[in-house]
Structure formats: structure tokens, C-alpha cells
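Undergrad: One structure coming up, written as C-alpha cells, with questions to follow.
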Amino acid sequence: MNHTRIASLLALLAVAGCGGGDDGPGATGPVPVPATPTLAQKCPAIAGQALAGGAMVQEARVIDATGAQPEYCVVTAKVDGSTLRFEARLPTVGWNGKIAFLGGGGFDGAMPVATDLQFSESILTERYATLGTNGGYDYPGARGIDYFRAAFALDDEQLADFTNRSEHRALPAGKALVAGFFGTPATHSYFEGCSMGGHDALIEAQRHPEDFDGIVARAPAGNVMGLFMQFNRIARQVRTPAGTLNPAKQTLLANAVLAQCDGLDGTVDGIVSRPRACTHDPAALRCPAGADAGDACLSDAQIDTVRTVTSPIASADGRWTHPGYFPGAENTAKGWGEYVWPSAAFGGSSVQGLFSDGFVRSFITRDTAYDTSTWNYDAWLPRMAVVGAMFNAFDPDLAPLAARGAKLILWNGTTDTSVSARDTARYYDAVVGALGQARADRTVELFMAPGVGHCHGGTGPDRVDLLKAVATWAEAGTPPSAQALSHRKVDATGATVASRPLCKYPAYPRYAGSGDMGAATSFVCASDPR
Ligand SMILES: [Ca+2]
């Protein structure tokens with residue numbers, strides 16, 4: 001019998017006022033059994049404790065249930081000798097016996113929370129104990145443009161935590177905390193993250209395959225060196241007045257892409273579910289002589305911009321590469337509007353520009369005043385190699401993860417202009433190349449979310465509980481592709497308004513020709529050669 005059950009029995013006895021049976025002759029009355037504290041009562045006493053694994057608890061308090069979040073004990077702890085901190089949220093009732101480690105995002109600096117839309121609902125509904133780190137440092141106050149400067153990266157220790165070790169470093173103390181609080185270790189540990197949290201998921205899968213039983217990597221920025229090179233390249237192009245596309249031209253382009261590519265998946269619904277088959281050439285929209293002649297055509301500079309976004313790049317040594325982004329959603333907030341197009345709110349830069357400026361200045365050149373508009377990555381290859389060795393998470397050799405039977409789900413929205421779905425497909429293909437298809441199939445599956453932007457949102461249905469899917473795979477052996485999963489689009493009340501089947505890459509959801517276009521049952525997963 002484990003400690004939890006003993007504690008539960010003692011608590012029941014205490015509630016019942018049972019004196020433990022010592023009520024025979026001569027007894028003066030029931031002998032009170034000391035009441036076992038409930039988990040909520042235990043919680044505050046954790047503060048100040050040293051944790052096995054090398055961390056000190058800073059704070060512990062009970063948070064009342066709100067919305068989807070049940071009552072839990074929130075614990076913050078600091079890893080010894082560092083500015084790395086982690087937070088645990090421990091359900092005080094109904095813990096499912098498992099850990100969900102939450103990846104961060106962007107340049108981190110704050111604790112991830114399970115209520116964010118990037119995370120699976122089962123983390124809360126099934127009452128996981130959650131862990132998550134600050135990524136190695138705390139970003140003070142509200143996030144403005146200064147956040148993107150990534151000043152923490154000028155510190156070698158914080159850079160190392162952020163790039164590759166924050167979760168692995170915090171995990172032993174986090175597991176010890178969970179075991180101590182509940183009186184029994186977690187039966188299973190899972191990881192879920194999106195964007196930089198997806199990068200962290202791949203760091204775990206590639207470098208620390210022993211840490212988790214299942215890993216969900218959404219929009220994983222594993223090829224983070226190539227990504228920042230591409231960000232810098234695109235950001236420079238779109239900032240030139242001649243090279244940017246005004247909203248009318250964005251819509252002109254988007255409509256031309258839809259006219260050619262929307263129906264390739266069997267239904268004209270505004271979603272390009274088969275983006276790899278979409279080969280739209282922006283030159284078809286060229287103004288006479290390539291000059292800007294108004295909103296009904298694109299100048300040569302604007303055509304160059306479109307080609308910059310969708311084309312690959314590589315460093316001179318061939319080590320760092322990026323395949324570019326898919327066409328589609330050029331005029332939407334969860335398409336090119338999210339990361340590509342410049343905005344006055346960003347000082348005329350784009351989100352790609354803000355992130356890559358911080359990367360170039362704080363990670364590579366270590367010069368906070370460096371002029372990123374002239375950055376030539378080929379002139380920085382030695383430093384790129386140093387940072388890449390720490391930061392890149394694109395190693396396709398998942399043999400150690402496969403050998404211990406752990407599972408990995410990759411997921412990417414096709415209109416994501418931060419982490420390219422092309423790049424995530426490229427990583428999956430490389431894993432298949434390294435392991436062979438049969439072995440890869442036992443370890444990793446990739447799902448594209450057509451019409452979905454970065455981590456969530458967009459024209460297409462975006463919600464799917466991949467943590468539940470990976471846990472089912474790890475514990476029951478059923479791969480996600482055999483779980484009949486659907487992407488759901490939900491309205492403000494949480495009601496499902498549309499659904500599409502999850503199709504294991506390289507398949508895509510194809511309309512079967514009849515039935516409700518808003519229902520997953522009207523679609524089949526059609527094969528598409530890689
Ligand atoms: Ca379509």
C-alpha cells in the first residue's frame with residue numbers, strides 16, 4: 001500500500017471520529033487519532049524546504065479553483081547556484097499520478113501556465129501535476145520591445161540554461177517535490193511545449209531521452225539557428241518601403257494563392273490543406289514593367305519579398321539551413337500577419353525582426369548596438385557553431401528515445417510564420433531517414449494542422465489534445481494516428497463549430513465529396529507522396 005492510500009484511510013478514520021477500536025472496558029473514551037493533514041493543509045509547509053535534486057522551495061500556497069483549473073498547491077523553487085526557477089502546480093484533490101512538464105515560449109523569462117491555448121486540455125481536466133521553468137532567468141515586469149533584446153543571453157550561465165538545460169536541470173528536483181507532496185512518485189512523466197517550448201521538447205527527445213515517457217512538440221523551433229537566419233533575412237526585406245506589401249496587396253496575393261491551391265484538397269473552404277502541392281508563382285501578379293502600379297499588381301521588389309518568405313537559405317558551410325514558409329494566409333493575423341509583416345507597434349519592425357535582432361545581438365555578436373540590417377551569418381560561422389552546439393535541436397537520431405519506447409508527437413500549423421511547417425516536415429523526414437520508416441513509426445508521428453497559425457488559431461480547426469494522445473500511445477500502445485483524433489475549431493463558449501481529422505504526415509484531410517464540410521466525418525486522410 002502506498003503512502004497516499006494510508007493517508008487517505010487515516011483521514012477517513014479521523015473524519016469518522018473513530019478511535020481506532022480502543023474502546024474496551026476501562027477506556028475513558030475514544031482515543032483521538034491525530035488528523036492527517038490534507039494536501040491543501042500540507043501545502044504551505046513546503047516553503048523553505050530543500051529539495052533532493054538541488055533546489056530550494058521559495059513559496060508554497062493554495063490557489064482556489066477557478067474555471068477549468070482545479071484547486072492546487074503552487075510551489076516555486078530555485079535551482080541551487082543559479083537564476084533558474086521552476087513552478088509546480090499540484091492538484092490538492094484527484095491527482096492522476098502523473099507529471100506534465102510545460103515548455104515555455106519566446107525568450108522565456110516567465111513560468112508557463114497550463115491554461116494557455118497552446119497546451120492540451122487534459123493537463124487540467126485529468127489533473128496532472130505540472131512543472132515548468134522560467135527558462136533560466138526572470139524577465140521583470142510587462143513585456144515590451146525590451147523583452148526581445150534577450151539581454152539574459154549575454155550571461156553564459158543563463159544562455160546555457162535557456163538554450164538547452166533548464167527543463168533537464170529542474171526535472172530531478174521537480175520529481176522529488178511531486179513524490180514528497182503526494183507520498184508517491186509519479187507513474188509517468190510527459191512534456192508538452194510549443195514554439196520555443198517545442199524546441200525544448202526536441203532538446204529533451206534528442207539529448208535526454210530518459211527524462212520523459214512521451215513528448216509533444218508543437219510548432220517546434222528545433223532548427224532554431226536556421227530559423228533566426230531566415231527571420232533576419234525576411235525582416236530586412238519587408239522593412240524596405242518598396243518591398244513591403246500593403247493590406248490590399250496582401251489580399252491580392254492571398255486570393256491568388258487560394259484561387260490556385262484551395263481546391264487541391266477537394267473543397268474550396270479558404271483552407272489550403274495540401275500546401276506542399278501549392279506552387280503559386282507571385283510573378284503572375286507582376287505589374288507592367290515591374291514598377292508599383294497600384295493595388296492590383298505587385299512590383300518586382302514586392303515579388304522579391306514573397307519569394308524571400310517562401311524560399312530556402314543556407315550558410316556557406318551548409319551547416320545552417322532553412323526551407324522557407326508555405327504560401328497561404330498572406331493577409332491574415334494568424335498567417336503572414338503574425339510574424340512576417342512589419343508594424344508600427346514594433347517600431348516598424350516585424351515579430352521576426354524583433355526576435356532575430358535579439359538573437360543576433362545577444363547570442364551571436366554580443367554587441368547590443370549591432371546593426372542587424374547588415375548581419376552576414378557567414379562572417380560569424382565560428383560563433384554560430386558555438387551557439388548552435390548549445391541551441392540547435394534538429395538532430396534526427398532518435399534511436400535512444402526509440403530504444404526505451406518513449407513517444408514523440410510533432411505538430412505544426414501550415415500557416416505558421418514563426419516555425420515553418422516545411423521545416424518540421426523536413427525534421428520528420430530526417431528522423432525517418434535515420435531510423436527507417438518502421439522504427440520511426442513506433443516512436444514519432446507528425447500531424448499538420450491546415451490553416452492554423454503559430455501554436456493555435458487561424459482559419460482552420462486548431463484544437464486537439466495531444467498530451468492525451470501521447471499518454472495513450474505510451475501507456476496503451478495505440479499510436480495517435482489510430483486514435484481517430486480530430487482538430488476542432490471552438491467558439492468563445494468552447495463549443496465545437498468545425499472539425500477535421502488529424503492526418504498523419506504526409507497525408508492531408510481531403511473532402512470525401514459529400515456531407516457536412518464542418519464535420520471531420522466528411523473527410524478522409526488522403527495520401528500525398530513526400
Ligand atoms: Ca481547401
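Residue numbering restarts at 1 in every chain; chains get A, B, ... in the order shown in the C-alpha cells, and ligands count up from 1 in that same order.
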Which of segment 206-341 of chain A end up as alpha helix (DSSP H) when DSSP is run on this backbone - answer as number ranges by chain?

TA: A: 206-207, 224-239, 247-261, 300-310, 336-339

Undergrad: Show me, as a PyMOL selection string, the residues that have an atom within 9 Å of Ala526 of chain A when counting only C-alpha atoms, minus same-chain residues fewer than 2 positions from it.

TA: chain A and resi 265+503+506-510+523-524+528

Undergrad: Dump the neighbourhood of ligand 1 as a ChimeraX atom specification: all residues within 9 Å, distances computed on only C-alpha atoms and all ligand atoms.

TA: /A:258,261-274,450,510-511

Undergrad: Taking N, CA, C and O atoms for each residue, export the selection above as an mmCIF file, in the first residue's frame.

TA:
```cif
data_model
loop_
_atom_site.group_PDB
_atom_site.id
_atom_site.type_symbol
_atom_site.label_atom_id
_atom_site.label_comp_id
_atom_site.auth_asym_id
_atom_site.auth_seq_id
_atom_site.Cartn_x
_atom_site.Cartn_y
_atom_site.Cartn_z
ATOM 1 N N LEU A 258 -5.193 31.269 -53.033
ATOM 2 C CA LEU A 258 -6.389 30.447 -52.799
ATOM 3 C C LEU A 258 -6.992 29.978 -54.117
ATOM 4 O O LEU A 258 -7.418 28.819 -54.238
ATOM 5 N N CYS A 261 -4.816 27.092 -55.137
ATOM 6 C CA CYS A 261 -4.459 25.988 -54.234
ATOM 7 C C CYS A 261 -5.559 25.516 -53.284
ATOM 8 O O CYS A 261 -5.469 24.416 -52.743
ATOM 9 N N ASP A 262 -6.584 26.345 -53.042
ATOM 10 C CA ASP A 262 -7.610 25.958 -52.058
ATOM 11 C C ASP A 262 -8.278 24.639 -52.436
ATOM 12 O O ASP A 262 -8.446 23.733 -51.610
ATOM 13 N N GLY A 263 -8.642 24.513 -53.706
ATOM 14 C CA GLY A 263 -9.399 23.338 -54.130
ATOM 15 C C GLY A 263 -8.583 22.069 -54.314
ATOM 16 O O GLY A 263 -9.147 21.002 -54.555
ATOM 17 N N LEU A 264 -7.257 22.148 -54.167
ATOM 18 C CA LEU A 264 -6.414 20.959 -54.367
ATOM 19 C C LEU A 264 -6.729 19.863 -53.350
ATOM 20 O O LEU A 264 -6.370 18.705 -53.551
ATOM 21 N N ASP A 265 -7.393 20.241 -52.229
ATOM 22 C CA ASP A 265 -7.728 19.263 -51.191
ATOM 23 C C ASP A 265 -9.167 18.779 -51.284
ATOM 24 O O ASP A 265 -9.679 18.129 -50.383
ATOM 25 N N GLY A 266 -9.852 19.123 -52.382
ATOM 26 C CA GLY A 266 -11.195 18.597 -52.593
ATOM 27 C C GLY A 266 -12.313 19.523 -52.173
ATOM 28 O O GLY A 266 -13.484 19.233 -52.445
ATOM 29 N N THR A 267 -11.987 20.640 -51.510
ATOM 30 C CA THR A 267 -13.044 21.564 -51.126
ATOM 31 C C THR A 267 -12.526 22.999 -51.068
ATOM 32 O O THR A 267 -11.437 23.249 -50.534
ATOM 33 N N VAL A 268 -13.299 23.899 -51.635
ATOM 34 C CA VAL A 268 -12.940 25.320 -51.610
ATOM 35 C C VAL A 268 -13.537 25.917 -50.334
ATOM 36 O O VAL A 268 -14.716 26.274 -50.279
ATOM 37 N N ASP A 269 -12.728 25.971 -49.311
ATOM 38 C CA ASP A 269 -13.204 26.382 -47.987
ATOM 39 C C ASP A 269 -12.296 27.439 -47.356
ATOM 40 O O ASP A 269 -12.393 27.718 -46.160
ATOM 41 N N GLY A 270 -11.392 28.001 -48.146
ATOM 42 C CA GLY A 270 -10.477 29.007 -47.602
ATOM 43 C C GLY A 270 -9.272 28.411 -46.897
ATOM 44 O O GLY A 270 -8.451 29.144 -46.355
ATOM 45 N N ILE A 271 -9.174 27.089 -46.879
ATOM 46 C CA ILE A 271 -8.063 26.408 -46.204
ATOM 47 C C ILE A 271 -7.265 25.610 -47.238
ATOM 48 O O ILE A 271 -7.828 24.786 -47.970
ATOM 49 N N VAL A 272 -5.978 25.867 -47.293
ATOM 50 C CA VAL A 272 -5.090 25.100 -48.169
ATOM 51 C C VAL A 272 -4.565 23.914 -47.349
ATOM 52 O O VAL A 272 -3.623 24.038 -46.576
ATOM 53 N N SER A 273 -5.237 22.766 -47.498
ATOM 54 C CA SER A 273 -4.864 21.598 -46.687
ATOM 55 C C SER A 273 -3.722 20.798 -47.305
ATOM 56 O O SER A 273 -3.270 19.816 -46.729
ATOM 57 N N ARG A 274 -3.317 21.223 -48.497
ATOM 58 C CA ARG A 274 -2.275 20.487 -49.213
ATOM 59 C C ARG A 274 -1.199 21.482 -49.648
ATOM 60 O O ARG A 274 -0.932 21.649 -50.844
ATOM 61 N N PRO A 450 -3.901 22.127 -41.056
ATOM 62 C CA PRO A 450 -4.102 23.047 -42.176
ATOM 63 C C PRO A 450 -4.811 24.340 -41.751
ATOM 64 O O PRO A 450 -5.795 24.301 -41.005
ATOM 65 N N ARG A 510 -8.858 15.290 -46.862
ATOM 66 C CA ARG A 510 -9.470 15.546 -48.164
ATOM 67 C C ARG A 510 -10.974 15.341 -48.038
ATOM 68 O O ARG A 510 -11.435 14.336 -47.505
ATOM 69 N N TYR A 511 -11.742 16.313 -48.541
ATOM 70 C CA TYR A 511 -13.201 16.226 -48.508
ATOM 71 C C TYR A 511 -13.638 15.014 -49.307
ATOM 72 O O TYR A 511 -13.188 14.808 -50.445
#
```

Undergrad: Neighbouring residues of Ala68 of chain A were defined as those with any atom within 9 Å, considering only C-alpha atoms; residues of the same chain fewer than 5 positions away were excluded. Please report them as a list in words.

TA: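 Contacts, in chain order: Thr115, Glu121, Leu124 and Thr125 of chain A.
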
Undergrad: Could you name the residues that touch segment 406-416 of chain A at 6 Å or less, counting only C-alpha atoms, but leaving out those on the same chain fewer than 4 positions away, as a ChimeraX atom specification?

TA: /A:213-219,335,401,420-421,443-454

Undergrad: Find, counting only C-alpha atoms, the residue in A:Ala179, A:Ala52, A:Val419, A:Ile364 that gets nearest to Gly97 of chain A.

TA: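 Selected residue with least distance to Gly97 of chain A: A:Ala179.
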
Undergrad: I'd like the contact shell of Gln158 of chain A - 10 Å cut-off, only C-alpha atoms, skipping same-chain residues fewer than 6 positions apart - returned as a list of chain:residue names.

TA: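 Counting only the stated atoms, we get A:Ser82, A:Thr83, A:Leu84, A:Gly135, A:Gly136, A:Tyr137, A:Ala151, A:Phe152, A:Arg165, A:Ser166.
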
Undergrad: From the DSSP assignment of the backbone, select every residue of segment 301-481 of chain A that is strand (DSSP E or B), and format the answer as a list of chain:residue names.

TA: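 Filtering segment 301-481 of chain A to strand (DSSP E or B) leaves A:Ile313, A:Ala314, A:Thr321, A:His322, A:Lys407, A:Leu408, A:Ile409, A:Leu410, A:Trp411, A:Asn412, A:Gly413, A:Val444, A:Glu445, A:Leu446, A:Phe447, A:Met448, A:Ala449, A:Val452, A:Gly458, A:Arg463.
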
Undergrad: Go through A:Gly518, A:Gly324, A:Gly53, A:Pro400 and flag the residue nearest Thr305 of chain A, using only C-alpha atoms for the distances.

TA: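 Among A:Gly518, A:Gly324, A:Gly53, A:Pro400, it is A:Gly324 that comes nearest to Thr305 of chain A.
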